[in-house]
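Coordinates as given in target18.txt (compact mmCIF, C-alpha atoms):
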```txt
# COMPACT_ATOMS: atom_id res chain seq x y z
CA MET A 1 15.06 -34.62 34.19
CA ASN A 2 17.80 -33.37 31.88
CA SER A 3 16.32 -30.80 29.53
CA SER A 4 18.70 -31.95 26.80
CA THR A 5 16.58 -35.07 26.35
CA HIS A 6 13.59 -32.99 25.29
CA ASN A 7 12.92 -31.57 21.87
CA PHE A 8 12.70 -27.78 21.85
CA VAL A 9 11.96 -25.13 19.29
CA GLU A 10 13.28 -21.58 19.01
CA PRO A 11 10.94 -19.77 16.61
CA LYS A 12 12.53 -17.01 14.55
CA TYR A 13 10.90 -13.99 12.93
CA GLY A 14 11.69 -11.70 10.05
CA ARG A 15 13.26 -13.15 6.92
CA LEU A 16 16.62 -13.54 5.24
CA LEU A 17 17.12 -12.40 1.67
CA ASP A 18 16.32 -15.71 -0.02
CA ASP A 19 12.95 -15.87 1.77
CA PHE A 20 11.62 -12.87 -0.17
CA ARG A 21 9.94 -13.01 -3.58
CA VAL A 22 8.80 -10.05 -5.66
CA GLY A 23 5.01 -9.76 -5.46
CA ASP A 24 4.70 -11.37 -2.02
CA VAL A 25 2.24 -9.64 0.30
CA TYR A 26 2.57 -9.89 4.08
CA HIS A 27 -0.40 -9.02 6.25
CA HIS A 28 1.32 -8.11 9.49
CA PRO A 29 -0.24 -9.58 12.66
CA TRP A 30 -0.38 -6.42 14.76
CA GLU A 31 -3.79 -4.71 14.87
CA VAL A 32 -3.81 -1.82 17.31
CA THR A 33 -6.43 0.69 18.36
CA ILE A 34 -4.80 4.08 18.85
CA ASP A 35 -5.94 5.66 22.11
CA ASP A 36 -5.39 8.88 24.04
CA GLY A 37 -2.89 7.19 26.37
CA MET A 38 -0.65 6.23 23.46
CA LEU A 39 -0.82 9.74 22.03
CA ALA A 40 -0.02 11.25 25.45
CA MET A 41 3.13 9.12 25.65
CA PHE A 42 4.27 10.36 22.26
CA ALA A 43 3.46 13.96 23.19
CA ALA A 44 5.65 13.56 26.29
CA SER A 45 8.69 12.93 24.05
CA PHE A 46 7.99 14.99 20.92
CA LEU A 47 7.58 18.79 21.09
CA ASP A 48 5.32 19.34 18.09
CA LEU A 49 3.69 22.77 18.33
CA ASN A 50 1.05 22.24 15.61
CA PRO A 51 -2.43 22.50 17.23
CA LEU A 52 -3.89 20.17 14.59
CA TYR A 53 -2.47 17.34 16.73
CA SER A 54 -3.26 18.75 20.18
CA SER A 55 -6.37 20.98 19.97
CA SER A 56 -9.79 19.51 19.24
CA ARG A 57 -11.14 23.03 18.77
CA PHE A 58 -8.56 23.94 16.16
CA ALA A 59 -8.84 20.66 14.27
CA ARG A 60 -12.64 20.80 14.09
CA GLU A 61 -12.66 24.39 12.88
CA LEU A 62 -10.21 23.38 10.15
CA GLY A 63 -12.71 20.72 9.03
CA PHE A 64 -11.49 17.54 10.71
CA GLY A 65 -13.55 15.34 13.01
CA ASP A 66 -11.24 15.90 15.98
CA ARG A 67 -7.54 16.43 16.68
CA VAL A 68 -5.50 14.33 14.27
CA VAL A 69 -2.97 11.64 15.14
CA PRO A 70 0.47 13.13 14.34
CA PRO A 71 1.68 11.73 11.01
CA LEU A 72 4.98 10.45 12.38
CA VAL A 73 3.12 8.47 15.04
CA MET A 74 1.42 6.72 12.12
CA LEU A 75 4.76 6.17 10.39
CA ASN A 76 6.34 4.71 13.53
CA LEU A 77 3.44 2.34 14.10
CA ALA A 78 3.23 1.16 10.49
CA LEU A 79 7.00 0.72 10.12
CA SER A 80 7.22 -1.16 13.42
CA PHE A 81 4.36 -3.48 12.50
CA THR A 82 6.39 -4.66 9.47
CA VAL A 83 9.46 -5.72 11.46
CA HIS A 84 7.89 -9.01 12.63
CA ASP A 85 7.63 -10.25 9.01
CA VAL A 86 10.22 -8.25 7.11
CA SER A 87 13.17 -6.82 8.98
CA GLU A 88 13.70 -8.51 12.34
CA GLN A 89 16.86 -10.06 10.83
CA ALA A 90 17.89 -6.86 9.04
CA VAL A 91 21.30 -5.24 9.26
CA ALA A 92 20.07 -1.70 8.58
CA HIS A 93 17.17 0.42 7.36
CA LEU A 94 18.43 2.15 4.21
CA ALA A 95 15.78 4.48 2.82
CA TYR A 96 12.35 6.09 3.18
CA ILE A 97 10.64 6.70 -0.15
CA ASP A 98 7.36 8.49 -0.99
CA LEU A 99 5.89 8.61 2.52
CA LYS A 100 2.32 9.95 2.44
CA PHE A 101 -0.70 10.37 4.72
CA PRO A 102 -3.76 10.19 2.41
CA ASN A 103 -6.38 10.40 5.18
CA ALA A 104 -6.51 11.66 8.73
CA ALA A 105 -6.32 9.21 11.63
CA TYR A 106 -7.97 9.81 14.99
CA SER A 107 -7.80 8.49 18.52
CA GLY A 108 -10.03 5.40 18.51
CA ASP A 109 -9.03 4.32 15.01
CA THR A 110 -7.68 0.80 14.59
CA LEU A 111 -4.57 0.41 12.45
CA SER A 112 -3.66 -2.67 10.43
CA VAL A 113 -0.79 -2.88 7.97
CA TYR A 114 0.35 -4.96 5.00
CA SER A 115 3.42 -4.84 2.78
CA GLU A 116 4.21 -5.81 -0.80
CA ILE A 117 7.70 -6.82 -1.94
CA LEU A 118 8.74 -4.69 -4.92
CA ALA A 119 12.35 -5.79 -5.52
CA VAL A 120 15.05 -8.06 -4.09
CA ARG A 121 18.72 -7.88 -5.09
CA VAL A 122 22.04 -9.18 -3.80
CA SER A 123 24.76 -6.59 -3.15
CA GLU A 124 27.48 -6.63 -5.80
CA SER A 125 30.17 -5.42 -3.40
CA LYS A 126 29.11 -7.56 -0.40
CA PRO A 127 27.38 -10.73 -1.64
CA ASP A 128 26.60 -11.92 1.90
CA ARG A 129 23.78 -9.36 2.05
CA GLY A 130 21.25 -7.64 -0.17
CA VAL A 131 18.49 -5.06 -0.39
CA VAL A 132 14.75 -5.63 -0.11
CA HIS A 133 12.48 -2.86 -1.47
CA LEU A 134 8.90 -2.93 -0.18
CA ARG A 135 5.77 -0.82 -0.12
CA THR A 136 3.74 -0.63 3.10
CA ILE A 137 0.12 0.50 3.48
CA GLY A 138 -1.59 1.24 6.79
CA LEU A 139 -5.38 1.07 6.89
CA ASN A 140 -7.95 2.20 9.42
CA GLN A 141 -10.94 0.08 10.48
CA ASP A 142 -12.88 1.25 7.39
CA GLY A 143 -10.17 0.22 4.95
CA ALA A 144 -9.02 3.79 4.22
CA ALA A 145 -5.28 4.29 3.79
CA VAL A 146 -3.88 6.53 6.54
CA VAL A 147 -0.15 6.01 5.83
CA THR A 148 1.72 4.64 2.81
CA PHE A 149 5.43 4.47 2.12
CA GLU A 150 8.22 2.52 0.51
CA ARG A 151 11.47 1.61 2.19
CA LYS A 152 14.67 -0.30 1.51
CA VAL A 153 16.22 -2.68 4.02
CA LEU A 154 19.66 -4.33 4.12
CA ILE A 155 19.25 -8.03 4.95
CA PRO A 156 21.73 -10.95 5.11
CA THR A 157 21.52 -13.58 2.36
CA GLY A 158 20.28 -17.10 3.04
CA LYS A 159 17.06 -18.67 4.26
CA LEU A 160 15.91 -18.37 7.85
CA GLU A 161 15.76 -21.75 9.56
CA GLY A 162 12.98 -22.19 12.12
CA ARG A 163 10.96 -19.33 10.71
CA ALA A 164 7.66 -19.07 12.58
CA HIS A 165 5.70 -17.28 9.84
CA PRO A 166 3.03 -18.83 7.66
CA GLU A 167 4.10 -19.47 4.07
CA ARG A 168 4.37 -16.43 1.89
CA ILE A 169 1.33 -15.10 0.04
CA GLN A 170 1.86 -14.76 -3.69
CA GLY A 171 0.29 -11.89 -5.61
CA THR A 172 -1.37 -8.78 -4.27
CA THR A 173 -4.72 -8.12 -2.69
CA GLU A 174 -7.26 -5.90 -4.40
CA THR A 175 -6.31 -3.01 -2.13
CA ALA A 176 -2.61 -3.57 -2.74
CA GLU A 177 -3.15 -3.51 -6.50
CA SER A 178 -5.07 -0.25 -6.41
CA VAL A 179 -2.45 1.50 -4.28
CA SER A 180 0.40 0.00 -6.29
CA ASP A 181 -1.02 1.00 -9.64
CA ALA A 182 -1.72 4.55 -8.49
CA SER A 183 1.76 4.90 -7.04
CA SER A 184 3.45 3.54 -10.16
CA ALA A 185 1.44 5.74 -12.50
CA GLU A 186 2.09 8.91 -10.53
CA ALA A 187 5.55 8.34 -9.07
CA GLY A 188 7.96 11.14 -9.79
CA SER A 189 5.36 13.75 -10.66
CA LYS A 190 5.23 16.98 -8.65
CA GLU A 191 1.48 16.57 -8.36
CA HIS A 192 1.69 13.11 -6.82
CA ARG A 193 2.14 14.13 -3.21
CA LEU A 194 -0.33 17.03 -3.59
CA LYS A 195 -2.99 14.43 -4.29
CA CYS A 196 -2.37 13.10 -0.79
CA ALA A 197 -3.93 16.09 0.92
CA PRO A 198 -7.02 14.58 2.61
CA GLN A 199 -10.55 15.32 1.49
CA GLU A 200 -10.90 18.04 4.13
CA PHE A 201 -8.86 20.27 1.80
CA ALA A 202 -10.89 19.57 -1.34
CA GLY A 203 -12.86 22.79 -0.91
CA GLU A 204 -12.08 26.19 0.54
CA ILE A 205 -9.47 26.21 3.31
CA ASN A 206 -10.55 28.24 6.34
CA THR A 207 -7.68 28.31 8.79
CA PRO A 208 -8.91 28.72 12.40
CA ALA A 209 -7.97 31.66 14.59
CA TRP A 210 -4.92 31.05 16.79
CA PRO A 211 -4.08 34.00 19.06
CA GLY A 212 -0.59 32.69 19.80
CA ARG A 213 0.21 31.82 16.20
CA PRO A 214 4.00 31.79 15.64
CA ARG A 215 5.86 32.83 12.52
CA GLY A 216 5.87 30.29 9.70
CA LEU A 217 3.16 31.05 7.15
CA PHE A 218 3.80 30.42 3.47
CA GLU A 219 5.03 33.99 2.89
CA ASP A 220 7.59 33.74 5.69
CA PHE A 221 9.83 31.34 3.78
CA GLU A 222 12.07 31.98 0.79
CA GLU A 223 13.96 29.48 -1.33
CA GLY A 224 17.43 29.01 0.08
CA ASP A 225 16.50 29.90 3.69
CA LEU A 226 18.63 27.97 6.20
CA ILE A 227 17.04 27.49 9.62
CA LEU A 228 19.08 26.16 12.54
CA HIS A 229 16.66 24.88 15.18
CA SER A 230 17.92 26.04 18.55
CA ILE A 231 17.02 23.28 21.01
CA GLY A 232 18.16 19.68 21.14
CA HIS A 233 16.81 16.46 22.62
CA THR A 234 18.93 14.05 24.65
CA VAL A 235 17.57 10.55 24.08
CA GLY A 236 16.80 8.71 27.32
CA GLU A 237 17.60 5.03 27.63
CA SER A 238 14.21 4.03 28.99
CA GLU A 239 12.50 6.62 26.76
CA HIS A 240 13.56 5.13 23.43
CA MET A 241 13.02 1.53 24.58
CA GLN A 242 9.51 2.26 25.83
CA LEU A 243 8.53 4.01 22.61
CA THR A 244 9.98 1.13 20.57
CA ILE A 245 7.83 -1.38 22.45
CA LEU A 246 4.81 0.92 22.33
CA THR A 247 4.95 0.91 18.52
CA ARG A 248 5.40 -2.92 18.47
CA ASN A 249 8.87 -2.90 16.92
CA THR A 250 10.27 -6.40 17.59
CA HIS A 251 13.88 -6.00 16.43
CA PRO A 252 16.09 -6.91 19.44
CA LEU A 253 18.69 -4.40 18.23
CA HIS A 254 16.63 -1.74 20.01
CA PHE A 255 15.98 -3.33 23.42
CA ASP A 256 17.99 -6.57 23.97
CA GLU A 257 21.43 -5.77 25.39
CA VAL A 258 22.68 -9.38 25.30
CA TYR A 259 21.76 -9.66 21.61
CA CYS A 260 23.48 -6.33 20.90
CA ARG A 261 26.73 -7.26 22.65
CA GLU A 262 26.91 -10.31 20.41
CA ARG A 263 25.55 -8.99 17.12
CA SER A 264 25.37 -5.18 16.99
CA PHE A 265 28.25 -3.26 15.43
CA THR A 266 27.79 -0.71 18.25
CA LYS A 267 27.86 -3.47 20.93
CA THR A 268 24.84 -1.87 22.57
CA ARG A 269 21.22 -0.99 21.84
CA VAL A 270 20.56 1.36 18.91
CA VAL A 271 17.71 3.88 18.90
CA GLU A 272 15.03 2.86 16.41
CA GLY A 273 15.25 4.95 13.23
CA GLY A 274 11.62 6.00 13.06
CA LEU A 275 12.01 7.67 16.44
CA VAL A 276 15.10 9.57 15.26
CA PHE A 277 13.03 10.70 12.26
CA ALA A 278 10.21 11.89 14.53
CA TRP A 279 12.56 13.73 16.89
CA ALA A 280 14.18 15.55 13.97
CA ALA A 281 10.78 16.66 12.67
CA SER A 282 9.53 17.73 16.09
CA LEU A 283 12.69 19.73 16.82
CA ALA A 284 11.98 21.65 13.60
CA SER A 285 8.29 22.14 14.39
CA ARG A 286 8.30 25.59 15.98
CA ASP A 287 10.23 27.10 13.09
CA THR A 288 8.77 25.30 10.06
CA THR A 289 5.58 23.28 10.57
CA ALA A 290 3.74 24.78 13.54
CA ASN A 291 1.29 26.27 11.03
CA ALA A 292 1.19 23.25 8.72
CA LEU A 293 -2.23 22.37 7.41
CA TRP A 294 -0.93 18.96 6.33
CA GLU A 295 2.27 16.98 5.87
CA LEU A 296 1.91 16.24 2.15
CA GLY A 297 4.82 13.84 1.97
CA TYR A 298 8.38 12.83 2.75
CA ASP A 299 10.95 11.43 0.33
CA LYS A 300 14.67 10.66 -0.11
CA GLY A 301 15.13 9.77 3.56
CA SER A 302 18.06 7.86 5.05
CA HIS A 303 19.87 7.16 8.31
CA LEU A 304 23.56 7.93 8.00
CA ASN A 305 24.92 7.09 11.47
CA PRO A 306 23.51 5.33 14.54
CA VAL A 307 21.97 7.07 17.53
CA LEU A 308 22.47 5.64 21.02
CA ALA A 309 20.88 6.43 24.37
CA GLY A 310 22.53 9.56 25.76
CA ASP A 311 23.10 11.13 22.35
CA THR A 312 21.69 14.63 21.91
CA LEU A 313 19.88 15.34 18.64
CA TYR A 314 19.67 18.68 16.84
CA ALA A 315 17.97 19.59 13.57
CA ALA A 316 18.29 22.05 10.71
CA SER A 317 16.05 22.84 7.74
CA ARG A 318 16.61 24.38 4.32
CA VAL A 319 13.90 25.66 1.95
CA ILE A 320 14.32 23.91 -1.41
CA GLU A 321 11.35 25.37 -3.25
CA LYS A 322 7.95 27.04 -2.89
CA ARG A 323 4.86 26.81 -5.08
CA GLU A 324 1.23 27.82 -5.06
CA TYR A 325 -1.52 25.47 -3.93
CA ASN A 326 -4.52 27.81 -4.10
CA ASP A 327 -5.38 31.33 -2.98
CA ARG A 328 -5.40 30.31 0.69
CA ALA A 329 -2.38 28.01 0.92
CA GLY A 330 0.99 27.19 -0.60
CA VAL A 331 3.47 24.32 -0.57
CA VAL A 332 7.00 24.51 0.81
CA LEU A 333 9.56 21.76 0.19
CA PHE A 334 12.14 21.53 2.99
CA ALA A 335 15.32 19.53 3.40
CA LEU A 336 15.60 18.31 7.00
CA VAL A 337 18.74 16.97 8.66
CA ALA A 338 19.42 15.70 12.16
CA VAL A 339 22.85 15.73 13.81
CA LYS A 340 24.07 14.40 17.15
CA ASN A 341 26.15 15.79 20.01
CA GLU A 342 27.09 19.06 18.31
CA THR A 343 24.87 21.97 17.36
CA PRO A 344 24.28 22.79 13.68
CA SER A 345 25.81 26.25 14.16
CA SER A 346 28.99 24.71 15.58
CA LEU A 347 29.26 22.34 12.61
CA ILE A 348 28.85 25.26 10.19
CA ARG A 349 31.56 27.22 11.97
CA ARG A 350 33.86 24.26 11.43
CA GLY A 351 33.26 24.55 7.69
CA LEU A 352 30.80 21.68 7.18
CA ASN A 353 27.86 21.87 4.78
CA LEU A 354 25.03 20.46 6.88
CA PHE A 355 23.07 19.19 3.91
CA GLU A 356 25.71 18.16 1.38
CA SER A 357 28.70 17.03 3.43
CA LYS A 358 29.24 13.58 4.93
CA TYR A 359 30.31 13.70 8.57
CA ASP A 360 30.07 11.52 11.69
CA GLN A 361 27.54 13.73 13.50
CA LYS A 362 24.97 13.53 10.70
CA VAL A 363 22.40 10.86 11.58
CA PHE A 364 19.38 11.51 9.35
CA GLU A 365 18.24 13.40 6.26
CA ILE A 366 15.00 13.65 4.30
CA GLU A 367 12.88 16.00 2.18
CA ARG A 368 9.44 17.02 3.42
CA GLU A 369 6.61 18.79 1.60
CA ILE A 370 4.31 20.93 3.74
CA LEU A 371 0.98 22.62 3.00
CA LEU A 372 1.03 26.01 4.73
CA PRO A 373 -1.62 28.74 5.04
CA LYS A 374 -0.91 32.14 3.57
CA GLY A 375 -2.25 35.67 4.01
CA LEU A 376 -1.99 37.24 7.45
CA ALA A 377 -5.20 39.23 6.88
CA SER A 378 -7.23 36.08 6.31
CA LEU A 379 -5.91 34.55 9.56
CA ALA A 380 -6.69 37.48 11.83
```
Go ahead and express the file in the form of structure tokens.
Amino acid sequence: MNSSTHNFVEPKYGRLLDDFRVGDVYHHPWEVTIDDGMLAMFAASFLDLNPLYSSSRFARELGFGDRVVPPLVMLNLALSFTVHDVSEQAVAHLAYIDLKFPNAAYSGDTLSVYSEILAVRVSESKPDRGVVHLRTIGLNQDGAAVVTFERKVLIPTGKLEGRAHPERIQGTTETAESVSDASSAEAGSKEHRLKCAPQEFAGEINTPAWPGRPRGLFEDFEEGDLILHSIGHTVGESEHMQLTILTRNTHPLHFDEVYCRERSFTKTRVVEGGLVFAWAASLASRDTTANALWELGYDKGSHLNPVLAGDTLYAASRVIEKREYNDRAGVVLFALVAVKNETPSSLIRRGLNLFESKYDQKVFEIEREILLPKGLASLA
């Protein structure tokens, strides 16, 4: 029988600009229990030296229940969960804003995520597209927030025909209101991200012994320090696609070659931005965050150029400022950049300012605030 005589449907996901309304809340359908296998797959791609994420002994002596899920695993999961409802039709991810990790997550925790639409506007220069600003909150099985962030997404105008989602939910949930109000009241204050240190740091901080501890305590950094991280990471084709699927990111831009030949400006698959973010941070780990007690927050993040399979990523960090936290720890604010296919030192020799200049090799930039232990005598 000729299939053309049959009715068929082709459900579509994500939304176009006119489908969004300020105040809408989307409870994303993914609900995933994080397990040791998932964490092992991430560890196989990301060289993060911090024992808080790899050593149960270290994490427990610091006051946590067990080794902690790396924060950028949480970011990649939460961001990917939102794509199904928010950005599967998106042109580009524009910005990371006020990314925080209020509570530790552990293997065995179950993550669910919802998002609230904060603003929608049509581009003045290109009216066929616009920007959606949303806040996303990831919760564990007990309802505690383990990751929160805002982001901006570039999305074509119009309404999506054949959209498979339920109708939008107007207004916010009780949890959304409490997070939203706190964020609005505290946004912009220097203390805001400090309040996102988990409860394990409410009292005295006793940093565990670590015989192989590398350089990178609070005292080791000075404002203005420029650190060029020496090793790179060449992104594998199967590597980035597998991690994209593992995190439940459903945008075909990252794994559907036929779609990309027709609709991607690169004419091939593009590496998912959250992974680029995580590779940049992990490449900087040995030199900046191996000793980190906690990632207090990220802000002012953006992707400047695409990354494709086969590209080699490098990273560089600059110390923006330092400040006291208490007598056992201090806070360092870093600028982090990632570049592709040329080392940071080579770019500097060619006269480029890694952090201020615009250039084709620059793929990612963000600020990160890190809680670091201080006092070599106390860590003996």
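The closest residue to Asp225 (chain A), picked from A:Leu275, A:Ala316, A:Leu308, A:Leu296 and counting all atoms listed in the file, is A:Ala316.
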Would you compute, for all listed atoms of region 108-120 of chain A, the axis-aligned bounding box grown by 8 Å on each side, and then report its centre and edge lengths in Å rounded to one decimal, as lines of an AutoDock Vina configuration file?
```
center_x = 2.5
center_y = -1.3
center_z = 6.5
size_x = 41.1
size_y = 29.5
size_z = 40.0
```
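Distances to Leu62 (chain A) were evaluated for A:Val332, A:Leu134, A:Leu217, A:Ile205 using all atoms listed in the file, and the minimum falls at A:Ile205.
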Handout entry: Who sits within 10 Å of region 4-15 of chain A, all atoms listed in the file, same chain under 3 positions skipped, as a VMD selection string
Key = chain A and resid 1 18 to 20 82 to 90 155 to 165 250 to 251
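We find CA of Phe265 (chain A) and CA of Tyr314 (chain A) to be spaced 23.6 Å apart.
Minimum atom-to-atom distance to Arg328 (chain A), evaluated using all atoms listed in the file, belongs to A:Gly203 out of A:Pro214, A:Gly143, A:Gly203, A:Gly23.
Comparing A:Phe81, A:Trp279, A:Phe218, A:Tyr53 by their smallest distance to Asn249 (chain A), the closest is A:Phe81 (using all atoms listed in the file).
CA of Ile245 (chain A) sits 28.3 Å away from CA of Val120 (chain A).
Between CA of Gly297 (chain A) and CA of Ala284 (chain A) the separation is 15.7 Å.
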